[in-house]
>>> print(open('start.txt').read())   # compact mmCIF, C-alpha atoms
# COMPACT_ATOMS: atom_id res chain seq x y z
CA MET A 1 57.27 -69.98 79.08
CA ALA A 2 59.62 -72.11 81.12
CA THR A 3 56.82 -73.42 83.27
CA GLU A 4 54.75 -74.09 80.16
CA HIS A 5 57.54 -76.10 78.62
CA GLY A 6 57.97 -77.86 81.88
CA ALA A 7 54.28 -78.67 82.05
CA ALA A 8 53.92 -79.87 78.47
CA PRO A 9 55.96 -83.08 78.65
CA ALA A 10 54.19 -84.02 81.85
CA VAL A 11 50.86 -83.87 80.04
CA GLY A 12 52.28 -85.37 76.86
CA MET A 13 49.72 -84.11 74.43
CA PRO A 14 48.36 -80.64 75.26
CA GLN A 15 45.13 -81.89 73.66
CA LEU A 16 44.62 -84.20 76.65
CA ASP A 17 45.06 -81.46 79.24
CA THR A 18 41.52 -81.40 80.56
CA THR A 19 42.07 -78.21 82.54
CA THR A 20 41.86 -76.20 79.31
CA TYR A 21 38.68 -77.86 78.01
CA ALA A 22 36.23 -75.52 79.70
CA ASN A 23 38.11 -72.53 78.34
CA GLN A 24 38.21 -73.92 74.79
CA ILE A 25 34.58 -74.95 74.76
CA PHE A 26 33.46 -71.61 76.18
CA TRP A 27 35.26 -69.58 73.54
CA LEU A 28 34.29 -72.04 70.80
CA ALA A 29 30.63 -71.58 71.69
CA ILE A 30 31.03 -67.81 71.48
CA ALA A 31 32.81 -68.08 68.12
CA LEU A 32 30.14 -70.38 66.68
CA VAL A 33 27.33 -68.12 67.85
CA ALA A 34 29.16 -65.13 66.35
CA ILE A 35 29.59 -66.91 63.00
CA TYR A 36 25.96 -68.07 63.05
CA LEU A 37 24.72 -64.53 63.71
CA ILE A 38 26.99 -63.02 61.04
CA LEU A 39 25.76 -65.56 58.51
CA THR A 40 22.04 -65.53 59.26
CA ARG A 41 21.73 -61.79 59.90
CA ILE A 42 23.91 -60.45 57.12
CA ALA A 43 25.73 -62.79 54.79
CA LEU A 44 23.28 -65.52 53.80
CA PRO A 45 20.25 -63.26 53.09
CA ARG A 46 22.53 -60.96 51.14
CA ILE A 47 23.96 -63.75 48.97
CA ALA A 48 20.54 -65.33 48.50
CA ALA A 49 19.20 -61.94 47.36
CA VAL A 50 22.09 -61.44 44.96
CA LEU A 51 21.68 -64.92 43.51
CA SER A 52 17.92 -64.57 43.01
CA GLU A 53 18.40 -61.08 41.59
CA ARG A 54 20.96 -62.44 39.15
CA LYS A 55 18.61 -65.25 38.19
CA GLY A 56 15.84 -62.70 37.63
CA THR A 57 18.11 -60.47 35.58
CA ILE A 58 19.22 -63.34 33.39
CA THR A 59 15.64 -64.52 32.89
CA ASN A 60 14.52 -60.99 32.04
CA ASP A 61 17.39 -60.49 29.63
CA LEU A 62 16.61 -63.76 27.89
CA LEU A 63 12.94 -62.84 27.61
CA MET A 64 13.85 -59.42 26.25
CA ALA A 65 16.23 -60.97 23.74
CA GLU A 66 13.47 -63.35 22.63
CA GLU A 67 11.06 -60.45 22.29
CA LEU A 68 13.54 -58.35 20.31
CA LYS A 69 14.26 -61.32 18.08
CA SER A 70 10.58 -61.80 17.28
CA LYS A 71 10.29 -58.06 16.69
CA ALA A 72 13.19 -58.16 14.28
CA LYS A 73 11.55 -61.07 12.46
CA ALA A 74 8.27 -59.14 12.22
CA ALA A 75 10.13 -56.10 10.94
CA GLU A 76 11.86 -58.23 8.32
CA ALA A 77 8.55 -59.72 7.21
CA ALA A 78 7.00 -56.25 7.00
CA TYR A 79 9.96 -55.02 4.98
CA ASN A 80 9.69 -57.95 2.58
CA GLU A 81 5.96 -57.39 2.21
CA ALA A 82 6.48 -53.68 1.53
CA LEU A 83 9.15 -54.54 -1.00
CA ALA A 84 6.81 -56.96 -2.82
CA GLN A 85 4.03 -54.39 -2.78
CA ALA A 86 6.33 -51.73 -4.17
CA ARG A 87 7.44 -54.10 -6.93
CA ALA A 88 3.82 -54.90 -7.83
CA GLU A 89 2.96 -51.21 -7.79
CA ALA A 90 5.89 -50.40 -10.03
CA GLY A 91 4.86 -53.14 -12.49
CA ARG A 92 1.32 -51.83 -12.51
CA ILE A 93 2.47 -48.26 -13.17
CA VAL A 94 4.72 -49.42 -15.99
CA ALA A 95 1.90 -51.36 -17.61
CA GLU A 96 -0.46 -48.42 -17.26
CA ALA A 97 2.05 -46.03 -18.79
CA ARG A 98 2.67 -48.45 -21.63
CA ALA A 99 -1.07 -48.78 -22.28
CA ALA A 100 -1.56 -44.99 -22.21
CA ILE A 101 1.30 -44.44 -24.63
CA GLN A 102 -0.09 -47.15 -26.91
CA ARG A 103 -3.50 -45.48 -26.80
CA ASP A 104 -2.03 -42.08 -27.67
CA LEU A 105 0.04 -43.63 -30.37
CA ASP A 106 -2.96 -45.42 -31.87
CA ALA A 107 -5.02 -42.25 -31.78
CA ALA A 108 -2.26 -40.23 -33.40
CA THR A 109 -1.75 -42.90 -36.08
CA ALA A 110 -5.46 -43.05 -36.88
CA LYS A 111 -5.66 -39.28 -37.07
CA ALA A 112 -2.63 -39.11 -39.34
CA ASP A 113 -4.06 -41.89 -41.53
CA ALA A 114 -7.37 -40.03 -41.84
CA GLU A 115 -5.63 -36.81 -42.76
CA ILE A 116 -3.49 -38.59 -45.29
CA ALA A 117 -6.58 -40.24 -46.80
CA ALA A 118 -8.40 -36.91 -46.97
CA LYS A 119 -5.44 -35.22 -48.66
CA LEU A 120 -5.18 -38.17 -51.08
CA ALA A 121 -8.82 -37.88 -52.03
CA GLN A 122 -8.49 -34.12 -52.49
CA SER A 123 -5.41 -34.57 -54.62
CA GLU A 124 -7.11 -37.24 -56.73
CA ALA A 125 -10.10 -34.96 -57.26
CA ARG A 126 -7.83 -32.19 -58.33
CA ILE A 127 -5.91 -34.51 -60.63
CA ALA A 128 -9.17 -35.68 -62.20
CA GLU A 129 -10.27 -32.10 -62.61
CA ILE A 130 -6.97 -31.14 -64.15
CA ARG A 131 -7.18 -34.17 -66.43
CA ALA A 132 -10.70 -33.25 -67.50
CA THR A 133 -9.69 -29.65 -68.17
CA ALA A 134 -6.69 -30.88 -70.11
CA ALA A 135 -8.91 -33.17 -72.28
CA ASP A 136 -11.29 -30.29 -73.03
CA SER A 137 -8.33 -28.09 -73.95
CA VAL A 138 -7.01 -30.82 -76.27
CA VAL A 139 -10.40 -30.98 -78.02
CA ALA A 140 -10.52 -27.19 -78.34
CA VAL A 141 -6.93 -26.95 -79.56
CA ALA A 142 -7.45 -29.83 -82.03
CA THR A 143 -10.63 -28.28 -83.39
CA ASP A 144 -8.99 -24.87 -83.75
CA THR A 145 -5.93 -26.43 -85.41
CA ALA A 146 -8.03 -28.54 -87.74
CA GLU A 147 -10.18 -25.49 -88.79
CA ALA A 148 -6.98 -23.48 -89.32
CA LEU A 149 -5.47 -26.29 -91.44
CA VAL A 150 -8.61 -26.67 -93.47
CA ALA A 151 -8.73 -22.88 -94.05
CA ALA A 152 -5.08 -22.79 -95.01
CA LEU A 153 -5.64 -25.53 -97.61
CA GLY A 154 -8.33 -23.35 -99.19
CA GLY A 155 -11.31 -25.23 -98.07
CA ARG A 156 -14.18 -24.05 -96.02
CA ALA A 157 -14.36 -25.80 -92.81
CA ASP A 158 -17.60 -27.25 -91.73
CA ALA A 159 -17.60 -26.91 -87.95
CA ALA A 160 -19.72 -29.96 -87.35
CA MET A 161 -17.55 -32.21 -89.51
CA VAL A 162 -14.41 -30.98 -87.85
CA ALA A 163 -15.78 -31.58 -84.41
CA ALA A 164 -16.84 -35.07 -85.37
CA ALA A 165 -13.45 -35.83 -86.89
CA VAL A 166 -11.62 -34.53 -83.79
CA ALA A 167 -13.86 -36.50 -81.50
CA GLY A 168 -13.23 -39.58 -83.65
CA ARG A 169 -9.47 -39.07 -83.50
CA ILE A 170 -9.31 -38.42 -79.77
CA LYS A 171 -11.32 -41.45 -79.04
CA GLY A 172 -9.06 -43.54 -81.25
CA MET B 1 62.83 -76.07 67.11
CA ALA B 2 66.33 -75.22 68.21
CA THR B 3 69.48 -76.93 69.29
CA GLY B 4 69.75 -77.25 73.02
CA GLU B 5 72.51 -76.20 75.40
CA GLY B 6 74.69 -79.21 74.81
CA GLY B 7 74.42 -79.06 71.02
CA GLY B 8 71.81 -81.84 71.08
CA LEU B 9 68.66 -81.49 69.07
CA SER B 10 65.55 -80.71 71.10
CA ILE B 11 62.41 -80.60 69.04
CA HIS B 12 59.10 -79.88 70.74
CA PRO B 13 56.53 -80.56 68.02
CA MET B 14 53.66 -80.55 70.52
CA ASP B 15 54.46 -77.19 72.13
CA GLN B 16 52.49 -75.39 69.44
CA PHE B 17 49.30 -76.91 70.81
CA ILE B 18 49.72 -75.61 74.36
CA VAL B 19 46.87 -73.41 75.50
CA LYS B 20 48.32 -70.25 77.07
CA PRO B 21 46.64 -67.26 78.68
CA LEU B 22 46.96 -64.30 76.37
CA PHE B 23 47.88 -61.72 79.01
CA GLY B 24 50.29 -63.64 81.23
CA GLY B 25 49.63 -65.80 84.25
CA THR B 26 49.22 -69.55 84.29
CA GLU B 27 45.70 -69.90 85.64
CA ILE B 28 43.19 -70.85 82.93
CA ALA B 29 39.59 -70.31 83.95
CA PHE B 30 36.88 -70.91 81.38
CA TYR B 31 36.62 -67.17 80.65
CA THR B 32 40.38 -66.44 80.48
CA PRO B 33 41.30 -65.00 77.07
CA THR B 34 43.85 -67.44 75.72
CA ASN B 35 45.54 -68.09 72.40
CA VAL B 36 42.46 -70.18 71.64
CA THR B 37 40.37 -67.04 72.01
CA LEU B 38 42.71 -65.07 69.78
CA TRP B 39 42.74 -67.58 66.92
CA LEU B 40 39.01 -68.26 67.16
CA ALA B 41 38.57 -64.50 66.81
CA VAL B 42 40.88 -64.46 63.79
CA ALA B 43 38.87 -67.26 62.20
CA VAL B 44 35.61 -65.39 62.84
CA ALA B 45 37.14 -62.17 61.49
CA ALA B 46 38.27 -63.97 58.32
CA ILE B 47 34.72 -65.25 57.76
CA ALA B 48 33.28 -61.80 58.43
CA ALA B 49 35.78 -60.23 56.02
CA LEU B 50 34.83 -62.59 53.21
CA PHE B 51 31.10 -62.81 53.82
CA VAL B 52 30.30 -59.32 55.06
CA LEU B 53 32.91 -56.99 53.56
CA GLY B 54 33.35 -59.14 50.46
CA THR B 55 29.66 -59.15 49.61
CA ARG B 56 28.81 -55.59 50.60
CA ALA B 57 28.64 -54.35 46.99
CA GLN B 58 25.95 -56.98 46.23
CA ASP B 59 26.81 -56.77 42.55
CA VAL B 60 24.83 -58.71 40.01
CA VAL B 61 28.17 -59.31 38.33
CA PRO B 62 30.29 -60.33 41.35
CA GLY B 63 33.79 -59.20 42.16
CA ARG B 64 36.54 -61.52 43.35
CA SER B 65 35.64 -61.93 47.02
CA GLN B 66 31.91 -61.95 46.31
CA SER B 67 32.52 -64.76 43.80
CA ILE B 68 34.31 -66.81 46.44
CA ALA B 69 31.52 -66.21 48.96
CA GLU B 70 28.88 -67.16 46.39
CA LEU B 71 30.86 -70.21 45.36
CA ILE B 72 31.06 -71.48 48.96
CA TYR B 73 27.39 -70.66 49.47
CA GLY B 74 26.37 -72.59 46.37
CA PHE B 75 28.68 -75.49 47.20
CA ILE B 76 27.32 -76.01 50.74
CA HIS B 77 23.73 -75.31 49.68
CA ASN B 78 23.93 -78.01 47.01
CA MET B 79 25.61 -80.39 49.41
CA VAL B 80 22.87 -79.97 52.03
CA GLU B 81 20.12 -80.36 49.42
CA GLU B 82 21.65 -83.36 47.73
CA VAL B 83 22.97 -85.27 50.74
CA ALA B 84 20.57 -84.35 53.54
CA GLY B 85 17.57 -84.16 51.22
CA HIS B 86 15.08 -81.40 50.62
CA ASP B 87 13.84 -81.55 54.22
CA GLY B 88 17.39 -80.95 55.41
CA ALA B 89 17.62 -77.63 53.58
CA LYS B 90 16.41 -75.73 56.65
CA PHE B 91 19.58 -76.81 58.43
CA PHE B 92 21.65 -75.03 55.81
CA PRO B 93 22.65 -72.07 58.07
CA TYR B 94 23.93 -74.46 60.75
CA VAL B 95 25.86 -76.59 58.29
CA MET B 96 27.26 -73.45 56.71
CA THR B 97 28.36 -72.19 60.14
CA LEU B 98 30.07 -75.49 60.84
CA PHE B 99 31.83 -75.65 57.47
CA LEU B 100 33.01 -72.05 57.52
CA PHE B 101 34.26 -72.33 61.07
CA ILE B 102 36.30 -75.49 60.38
CA LEU B 103 37.61 -74.21 57.04
CA SER B 104 38.57 -70.85 58.47
CA ALA B 105 40.13 -72.28 61.63
CA ASN B 106 42.10 -74.87 59.62
CA LEU B 107 43.41 -72.25 57.21
CA VAL B 108 44.37 -69.56 59.76
CA GLY B 109 46.01 -72.40 61.71
CA LEU B 110 48.44 -72.75 58.81
CA ILE B 111 49.76 -69.24 59.29
CA PRO B 112 53.27 -69.69 60.78
CA MET B 113 53.40 -69.11 64.58
CA SER B 114 49.62 -69.42 64.79
CA PHE B 115 47.54 -71.74 66.93
CA THR B 116 45.27 -74.31 65.33
CA THR B 117 42.05 -74.46 67.33
CA THR B 118 40.71 -77.40 65.32
CA SER B 119 43.71 -79.55 66.27
CA HIS B 120 42.25 -79.80 69.76
CA ILE B 121 39.99 -82.70 70.54
CA ALA B 122 38.02 -80.50 72.94
CA VAL B 123 36.98 -78.28 70.05
CA THR B 124 36.26 -81.00 67.50
CA ALA B 125 34.52 -83.20 70.07
CA THR B 126 32.25 -80.29 70.96
CA LEU B 127 31.37 -79.86 67.29
CA ALA B 128 30.85 -83.59 66.75
CA LEU B 129 28.74 -83.98 69.91
CA ALA B 130 26.65 -80.99 68.90
CA VAL B 131 25.99 -82.66 65.53
CA PHE B 132 25.29 -86.00 67.21
CA LEU B 133 22.85 -84.51 69.72
CA ALA B 134 21.16 -82.36 67.09
CA VAL B 135 20.69 -85.34 64.76
CA THR B 136 19.36 -87.55 67.55
CA ILE B 137 16.95 -84.90 68.89
CA VAL B 138 15.74 -83.85 65.44
CA GLY B 139 15.33 -87.50 64.49
CA PHE B 140 13.12 -88.26 67.47
CA VAL B 141 11.14 -85.03 67.11
CA ARG B 142 10.55 -85.59 63.41
CA LYS B 143 9.94 -89.33 63.36
CA GLY B 144 9.22 -90.27 66.97
CA PRO B 145 9.95 -93.93 67.78
CA ALA B 146 10.16 -94.63 64.03
CA PHE B 147 13.60 -93.06 64.18
CA LEU B 148 14.75 -96.30 65.80
CA ALA B 149 13.76 -98.19 62.65
CA MET B 150 17.05 -96.95 61.26
CA PHE B 151 18.79 -99.63 63.39
CA TRP B 152 16.49 -102.39 62.21
CA VAL B 153 17.78 -103.27 58.74
CA SER B 154 14.59 -104.54 57.10
CA SER B 155 16.39 -105.49 53.91
CA ALA B 156 18.53 -108.07 55.75
CA PRO B 157 17.38 -111.66 56.52
CA LEU B 158 15.40 -111.82 59.74
CA PRO B 159 17.92 -113.87 61.82
CA LEU B 160 20.63 -111.34 61.00
CA ARG B 161 18.62 -108.30 61.97
CA PRO B 162 19.26 -108.33 65.75
CA ILE B 163 22.99 -108.70 65.18
CA LEU B 164 22.94 -105.92 62.62
CA ALA B 165 20.91 -103.78 65.02
CA VAL B 166 23.65 -104.11 67.65
CA ILE B 167 26.31 -103.23 65.10
CA GLU B 168 24.29 -100.28 63.80
CA LEU B 169 23.72 -99.06 67.35
CA ILE B 170 27.41 -99.22 68.17
CA SER B 171 28.37 -97.50 64.93
CA TYR B 172 25.81 -94.81 65.67
CA PHE B 173 27.38 -94.03 69.04
CA VAL B 174 30.91 -94.22 67.64
CA ARG B 175 30.04 -91.56 65.11
CA PRO B 176 30.92 -88.51 67.26
CA LEU B 177 34.19 -90.14 68.22
CA SER B 178 35.35 -90.84 64.66
CA HIS B 179 33.86 -87.56 63.51
CA SER B 180 35.92 -85.52 65.96
CA ILE B 181 39.14 -87.53 66.07
CA ARG B 182 39.38 -87.58 62.27
CA LEU B 183 39.50 -83.79 62.14
CA ALA B 184 41.70 -83.16 65.20
CA GLY B 185 44.03 -86.05 64.38
CA ASN B 186 44.63 -84.95 60.81
CA LEU B 187 45.39 -81.39 61.79
CA MET B 188 47.51 -82.28 64.79
CA ALA B 189 49.61 -84.82 62.87
CA GLY B 190 50.23 -82.44 59.99
CA HIS B 191 51.26 -79.57 62.21
CA ALA B 192 53.48 -81.81 64.36
CA VAL B 193 55.25 -83.14 61.26
CA LEU B 194 55.79 -79.58 60.06
CA LYS B 195 57.38 -78.72 63.39
CA VAL B 196 59.61 -81.81 63.31
CA PHE B 197 60.94 -80.85 59.88
CA ALA B 198 61.36 -77.27 61.10
CA GLY B 199 63.54 -78.68 63.87
CA PHE B 200 65.65 -80.65 61.38
CA ALA B 201 66.05 -77.50 59.30
CA SER B 202 68.44 -76.19 61.99
CA ILE B 203 70.95 -78.90 61.08
CA ALA B 204 73.00 -77.52 58.19
CA LEU B 205 73.51 -80.89 56.53
CA VAL B 206 69.85 -81.80 56.10
CA SER B 207 68.32 -78.35 56.11
CA PRO B 208 67.77 -78.14 52.31
CA VAL B 209 65.92 -81.45 52.38
CA ALA B 210 64.01 -80.46 55.50
CA ILE B 211 62.96 -77.11 54.05
CA GLY B 212 61.89 -78.77 50.79
CA ALA B 213 59.89 -81.31 52.79
CA MET B 214 58.31 -78.50 54.79
CA ALA B 215 57.17 -76.77 51.61
CA ALA B 216 55.72 -80.03 50.28
CA ILE B 217 54.00 -80.87 53.57
CA TYR B 218 52.67 -77.32 53.84
CA ALA B 219 51.04 -77.74 50.44
CA LEU B 220 49.63 -81.08 51.55
CA GLU B 221 48.36 -79.48 54.76
CA LEU B 222 46.54 -76.80 52.76
CA LEU B 223 44.75 -79.60 50.95
CA VAL B 224 44.07 -81.44 54.22
CA ALA B 225 42.69 -78.25 55.79
CA VAL B 226 40.09 -77.92 53.00
CA VAL B 227 39.36 -81.62 52.60
CA GLN B 228 38.84 -82.19 56.34
CA ALA B 229 36.43 -79.26 56.51
CA TYR B 230 34.59 -80.81 53.57
CA VAL B 231 34.60 -84.30 55.09
CA PHE B 232 33.31 -83.06 58.45
CA THR B 233 30.53 -81.15 56.72
CA ILE B 234 29.43 -83.88 54.34
CA LEU B 235 29.35 -86.39 57.20
CA THR B 236 27.16 -83.94 59.11
CA CYS B 237 24.82 -83.88 56.10
CA VAL B 238 24.81 -87.68 55.91
CA TYR B 239 23.89 -87.90 59.61
CA LEU B 240 21.23 -85.25 59.12
CA ARG B 241 19.71 -87.37 56.40
CA ASP B 242 19.09 -90.11 58.96
CA ALA B 243 17.11 -87.63 61.03
CA VAL B 244 15.09 -85.89 58.33
CA GLY B 245 15.19 -88.02 55.21
CA ASP B 246 14.09 -91.52 54.40
CA ALA B 247 15.86 -94.12 56.53
CA HIS B 248 16.84 -96.30 53.59
CA HIS B 249 19.71 -94.73 51.76
>>> encode(input="start.txt", output="structure tokens")
Amino acid sequence: MATEHGAAPAVGMPQLDTTTYANQIFWLAIALVAIYLILTRIALPRIAAVLSERKGTITNDLLMAEELKSKAKAAEAAYNEALAQARAEAGRIVAEARAAIQRDLDAATAKADAEIAAKLAQSEARIAEIRATAADSVVAVATDTAEALVAALGGRADAAMVAAAVAGRIKG
Amino acid sequence: MATGEGGGLSIHPMDQFIVKPLFGGTEIAFYTPTNVTLWLAVAVAAIAALFVLGTRAQDVVPGRSQSIAELIYGFIHNMVEEVAGHDGAKFFPYVMTLFLFILSANLVGLIPMSFTTTSHIAVTATLALAVFLAVTIVGFVRKGPAFLAMFWVSSAPLPLRPILAVIELISYFVRPLSHSIRLAGNLMAGHAVLKVFAGFASIALVSPVAIGAMAAIYALELLVAVVQAYVFTILTCVYLRDAVGDAHH
């Protein structure tokens, strides 16, 4: 160390001591070659591969995202279409059911009306019959009563006259 | 560094730059392992640690050290493409080697008690001359005699062109000088100033100021270490552009 310190001031700047140049340049060359080999054999291809792989991954992910997005859109459209179809179907079924019920209702009403009409006609016929029977009975009862009255008064009833008189009265 | 025998201050700011054999002796042959060898090896090891160990997972989502390696890769790759042009991209591994070496050597040189290989003109001049020779050779191989058109400024008035050619020629040959001295000078000055303040720190009266100044200068030197590596590299790219790109830039 002492000799080194002694030598240094004589040289001034150690950088200008040309006796060390060969040594420095020799080892520098070795260091540079070592760095160059490390970089070109291992480091640079590795980093380039990682960077391109990352680029590829990002591109793929973006493409996949785009694809999934379009798929989601298609699925949404299909869902909406299915929903509209279901609505239309439901409306159709409701209308059909309504029409069927109306038809049944109409049929039932018509049938009931017909039955009612038939019963009405029957009833009217029976009423007319009863009325006719009642009118005959009135004639018979009136004739009998008139004959009885005439007999009670001491007269002799002429059947034809009585009948005519009754008929005249009933008509009146 | 320390007070001398007689109580006087003896600061040796330049002693840190002395090249010493690593295993004793004073003889320095070109193959002798010296402190230069040691700190070059540390610089190479730091690069290997970051770029080999740090990237060994090869994750698509990078970890911390892989991020740093990728960041530096992208930074230098862009610089070469943008400054040297698309044709210069094939020189990317060389530029990357240069940048990483200077950055790593500058930064490990800031470890206390270490030796800064890039503060030596022999080292930086070798780098600068290598760039200069590579640019000149590549220029002539790529363009042939047309490479000389770079000195003939066709956009200038004709009478001025010979004068400009002389100036351009001189500036071309001064390039390796400025290229190398800029780097070595910056590093050497910074480290010498650090040592001077370290020497003052042994005087009780001024030691707080000296230590504060050391911290500030250390921070500045960290910046200088990175910026000088960047400057050296981008100038290399600019010179490469002359050789591979269009002459008019």
>>> interface_residues(input="start.txt", of="chain B", to="chain A", cutoff="9 Å", atoms="only C-alpha atoms", output="MDAnalysis selection string")
chainID B and resid 12 14:20 26 28:34 36:37 40:41 43:44 47:48 51:52 55:56 58:61 66 69:70 73 93:94 96:98 100:101 117 119:123 126
>>> atom_distance(input="start.txt", atom1="atom CA of Gln228 of chain B", atom2="atom CA of Ala184 of chain B")
9.4 Å
>>> atom_distance(input="start.txt", atom1="atom CA of Gln122 of chain A", atom2="atom CA of Asp104 of chain A")
26.9 Å
>>> atom_distance(input="start.txt", atom1="atom CA of Ala160 of chain A", atom2="atom CA of Glu147 of chain A")
10.6 Å
>>> residues_around(input="start.txt", residues="Met150 of chain B", least_positions_apart="6", cutoff="12 Å", atoms="all atoms listed in the file", output="PDB file with C-alpha atoms, in the frame of the given file")
ATOM      1  CA  THR B 136      19.360 -87.550  67.550  1.00  0.00           C
ATOM      2  CA  GLY B 139      15.330 -87.500  64.490  1.00  0.00           C
ATOM      3  CA  PHE B 140      13.120 -88.260  67.470  1.00  0.00           C
ATOM      4  CA  LYS B 143       9.940 -89.330  63.360  1.00  0.00           C
ATOM      5  CA  GLY B 144       9.220 -90.270  66.970  1.00  0.00           C
ATOM      6  CA  ARG B 161      18.620-108.300  61.970  1.00  0.00           C
ATOM      7  CA  LEU B 164      22.940-105.920  62.620  1.00  0.00           C
ATOM      8  CA  ALA B 165      20.910-103.780  65.020  1.00  0.00           C
ATOM      9  CA  VAL B 166      23.650-104.110  67.650  1.00  0.00           C
ATOM     10  CA  ILE B 167      26.310-103.230  65.100  1.00  0.00           C
ATOM     11  CA  GLU B 168      24.290-100.280  63.800  1.00  0.00           C
ATOM     12  CA  LEU B 169      23.720 -99.060  67.350  1.00  0.00           C
ATOM     13  CA  SER B 171      28.370 -97.500  64.930  1.00  0.00           C
ATOM     14  CA  TYR B 172      25.810 -94.810  65.670  1.00  0.00           C
ATOM     15  CA  TYR B 239      23.890 -87.900  59.610  1.00  0.00           C
ATOM     16  CA  ARG B 241      19.710 -87.370  56.400  1.00  0.00           C
ATOM     17  CA  ASP B 242      19.090 -90.110  58.960  1.00  0.00           C
ATOM     18  CA  ALA B 243      17.110 -87.630  61.030  1.00  0.00           C
ATOM     19  CA  VAL B 244      15.090 -85.890  58.330  1.00  0.00           C
ATOM     20  CA  GLY B 245      15.190 -88.020  55.210  1.00  0.00           C
ATOM     21  CA  ASP B 246      14.090 -91.520  54.400  1.00  0.00           C
ATOM     22  CA  ALA B 247      15.860 -94.120  56.530  1.00  0.00           C
ATOM     23  CA  HIS B 248      16.840 -96.300  53.590  1.00  0.00           C
ATOM     24  CA  HIS B 249      19.710 -94.730  51.760  1.00  0.00           C
TER      25      HIS B 249
END
>>> closest_residue(input="start.txt", among="A:Asp61, A:Val162, A:Ala117, A:Tyr79", to="Leu149 of chain A", atoms="only C-alpha atoms")
A:Val162
>>> closest_residue(input="start.txt", among="B:Val141, B:Ala45, B:Leu103, B:Leu158", to="Thr233 of chain B", atoms="all atoms listed in the file")
B:Leu103
>>> residues_around(input="start.txt", residues="Leu110 of chain B", least_positions_apart="5", cutoff="9 Å", atoms="all atoms listed in the file", output="PyMOL selection string")
chain B and resi 105+115-116+191+218+221-222+225
>>> residues_around(input="start.txt", residues="Phe197 of chain B", least_positions_apart="4", cutoff="8 Å", atoms="only C-alpha atoms", output="list in words")
Val193, Ala201, Ala210, Ile211, Ala213 and Met214 of chain B
>>> closest_residue(input="start.txt", among="B:Ile234, B:Leu187, B:Ala192, B:Ala215", to="Phe75 of chain B", atoms="all atoms listed in the file")
B:Ile234
>>> closest_residue(input="start.txt", among="B:Ile102, B:Val108, B:Val80, B:Leu71", to="Val227 of chain B", atoms="all atoms listed in the file")
B:Ile102
>>> decode(input="start.txt", residues="segment 150-159 of chain B", atoms="N, CA, C and O atoms", output="short mmCIF file (atom, residue, chain, number, x, y, z; two decimals), in the first residue's frame")
data_model
loop_
_atom_site.label_atom_id
_atom_site.label_comp_id
_atom_site.auth_asym_id
_atom_site.auth_seq_id
_atom_site.Cartn_x
_atom_site.Cartn_y
_atom_site.Cartn_z
N MET B 150 -21.96 12.04 -46.06
CA MET B 150 -22.35 12.57 -44.78
C MET B 150 -21.56 13.85 -44.44
O MET B 150 -22.06 14.73 -43.73
N PHE B 151 -20.33 13.97 -44.99
CA PHE B 151 -19.51 15.15 -44.68
C PHE B 151 -19.80 16.29 -45.65
O PHE B 151 -19.35 17.40 -45.43
N TRP B 152 -20.48 15.99 -46.72
CA TRP B 152 -20.76 17.00 -47.73
C TRP B 152 -22.19 17.47 -47.52
O TRP B 152 -23.14 16.82 -47.93
N VAL B 153 -22.33 18.62 -46.84
CA VAL B 153 -23.67 19.07 -46.45
C VAL B 153 -24.36 19.67 -47.67
O VAL B 153 -24.13 20.83 -48.03
N SER B 154 -25.20 18.90 -48.32
CA SER B 154 -25.79 19.35 -49.59
C SER B 154 -26.85 20.42 -49.39
O SER B 154 -27.26 21.08 -50.34
N SER B 155 -27.29 20.61 -48.16
CA SER B 155 -28.31 21.63 -47.92
C SER B 155 -27.69 23.02 -47.73
O SER B 155 -28.39 24.02 -47.72
N ALA B 156 -26.34 23.06 -47.59
CA ALA B 156 -25.67 24.34 -47.38
C ALA B 156 -25.32 24.96 -48.75
O ALA B 156 -25.27 24.26 -49.75
N PRO B 157 -25.09 26.29 -48.78
CA PRO B 157 -24.65 26.92 -50.05
C PRO B 157 -23.32 26.32 -50.50
O PRO B 157 -22.48 25.98 -49.65
N LEU B 158 -23.15 26.25 -51.81
CA LEU B 158 -21.98 25.55 -52.36
C LEU B 158 -20.63 26.06 -51.84
O LEU B 158 -19.77 25.26 -51.49
N PRO B 159 -20.43 27.40 -51.77
CA PRO B 159 -19.11 27.88 -51.29
C PRO B 159 -18.81 27.43 -49.87
O PRO B 159 -17.64 27.26 -49.50
#
